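Since the structure comes first, as structure tokens, the remarks are kept for the end.
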Amino acid sequence: MEYLKLLGILIIILGFVLHWDTTAVVVIAAIVTGIFSGMDIVTLLQTIGKSFVDNRMVSLFFLTLPMIGLVESYGLKDYAVQAIKRLKKMTAGRILNIYLLIRELTGIFGISLQGQVQFVRPLIAPMIAAAVEDQNNRKLSEAELDLVKGRSAAVDNMGNFFAQNLFVASGGVLLIASTMKSLGYKVNPVEIVINSIPVAIVTFVLVFAYNLYFDKKLQKGGIQ
Amino acid sequence: MQNIVNVILPVFYGIIGLFMLFAAIESFRDKSNPARYGTAVFWLILAIIFAFGNILPSLIVGILVVLIGILALFKQIKVGNVPKVEPKKASQAAKRLGAKVFIPSVVLAAVSIIVAQFTPLGGQVGIGIGAVASLLVAVILTKAKTREVYTDTQRMVRSIGEPGILPQLLAMLGVVFTAAGVGKLTASLISNVFPAGNHLLGVVLYCVSMALFTYIMGNAFAAFAVITAAIGIPFVIAQGANPAVVAAIGMTSGYCGTLLTPMAANFNTLPVALLEMKDQMGVIKQQLPIAILLLIIQILLMYFLAF
């Protein structure tokens, strides 16, 4: 029954879909796959142990945590909030685009912001709503407000995702390099960063235009 | 040169082990955490694996990893009560330091890239040297005391918690899949439907599978290990594509799936709750056009850049 070793994949999918504890799911998937592919317990444990140690580079980002914690305690986020607050009096699309730029730039320097919690909720979404009301000279309907909030959150995600891999010590880059090495193709983390540049630029241009279009629709009097 | 790298890297892993030991000690001391013992053991195990991974027999490390899995299964790993950033200290420092507070982050990125590109030490040592240099700059800049560095270190490590080692566990799983021949098997299954050999078809298959599996699982990292072994390698890289291009764009193709899935709760459903939105799919709807466009563009980029 060769196909039984595919159970590991099934466990991973089910585990993530059903929100089981991810750590437990991954370990169980590894054990099940090993057993059904005919490894004995000792070989399986050795394979798990050796590959976990060999892949320590994926967790190198832990080295950057003391610095990140320190600048956070010394007002990194406070400063960013102050800077964004100065953007009042701009159109909604422009504020969104500046936030997009900030999100991509901080990504390049490995500054991980909890965008949704620390910026979108308290700052970006209310600013965009105010800007849209200002541009239209009226209160927004509930449905319109939902669109504005959804767009604010979406810009945060899009800026966050596609610039992350421009930082060499990001979890994504290290995971890619390490996985490729285990699959038999040696890839340098810097090569991953370089090859992530086109997608980051394309994303920036696309979302930038998307936000300008948002402004255009507003000027014509509706965002529905 | 490889010798020097082999000496330096374990030193960095030893330092990470030390950070994890801090997290173990402080988790143990956190009496408000109902899972304080499990959490402390979790960090202690990791501290041991990071610091002594080179000398420990693989069998022992394997048993320790399984032990982490068991702790997780019984919900014995919890973040607990982590010290928070003091708002007063932060806002005063923000006034005093201004934009200078970003200097350490810039130093980190710059030093890591410079070491990786212009010295033979490589990317991993670059990250380590960058991290140490940026910490020194941060300490000089903020005039922080050792005590504060310790508190911020254990605060950050503990709040990252269990998800912090998920990427490394997934990389481990990728190796087990490869050793078990999972990739070969799925590849032969898929090649019954899609013949290998056509470059464009291979790229489309890989990028769309990355997005689709990320959609289903809600996690691009997990999808990457599985789909790259099963589809990326046999259908794209083995056909002569550049591995770095394929891997980098493959991962971001997965992110298009993240933009579309309610499974990625942190990104797509958490904001709905935070912003008190009526439309459960409101964030995803805003991301839909960009996600589809980006997936198509990435397929083309991979096709033209990798071959």
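Going by the structure tokens order, chains are called A, B, ..., each with residues numbered from 1, while ligands are numbered from 1 in the order shown.
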
Nearby residues (only C-alpha atoms) at most 6 Å from segment 59-65 of chain B, same-chain spacing under 4 positions excluded, as a VMD selection string: chain A and resid 45 to 46 48 to 49

DSSP-assigned helix (DSSP H, G or I) among chain A, expressed as number ranges by chain: A: 2-17, 22-36, 41-54, 56-73, 76-85, 92-108, 115-136, 142-164, 171-182, 189-219

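Taking atom CA of Ser182 of chain A as the reference point, atom CA of Ala247 of chain B is found at 12.9 Å.
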
Per-residue nearest contacts of segment 19-125 of chain A to segment 261-271 of chain B (10 Å; only C-alpha atoms) as a tab-separated table:
```
residue	atom	partner	partner_atom	distance
A:His19	CA	B:Met263	CA	8.9
A:Gly115	CA	B:Phe267	CA	9.5
A:Gln116	CA	B:Pro271	CA	6.2
A:Val117	CA	B:Pro271	CA	7.8
A:Val120	CA	B:Pro271	CA	8.3
A:Arg121	CA	B:Pro271	CA	7.7
```

Computed interatomic separation between atom CA of Ile77 of chain B and atom CA of Thr39 of chain B (Å):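 A separation of 4.4 Å between them.
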
12 Å contact set for Arg96 of chain B, only C-alpha atoms, chain neighbours under 5 positions out, as a PyMOL selection string: (chain A and resi 74-76+78-79) or (chain B and resi 89-91+101+141-142)
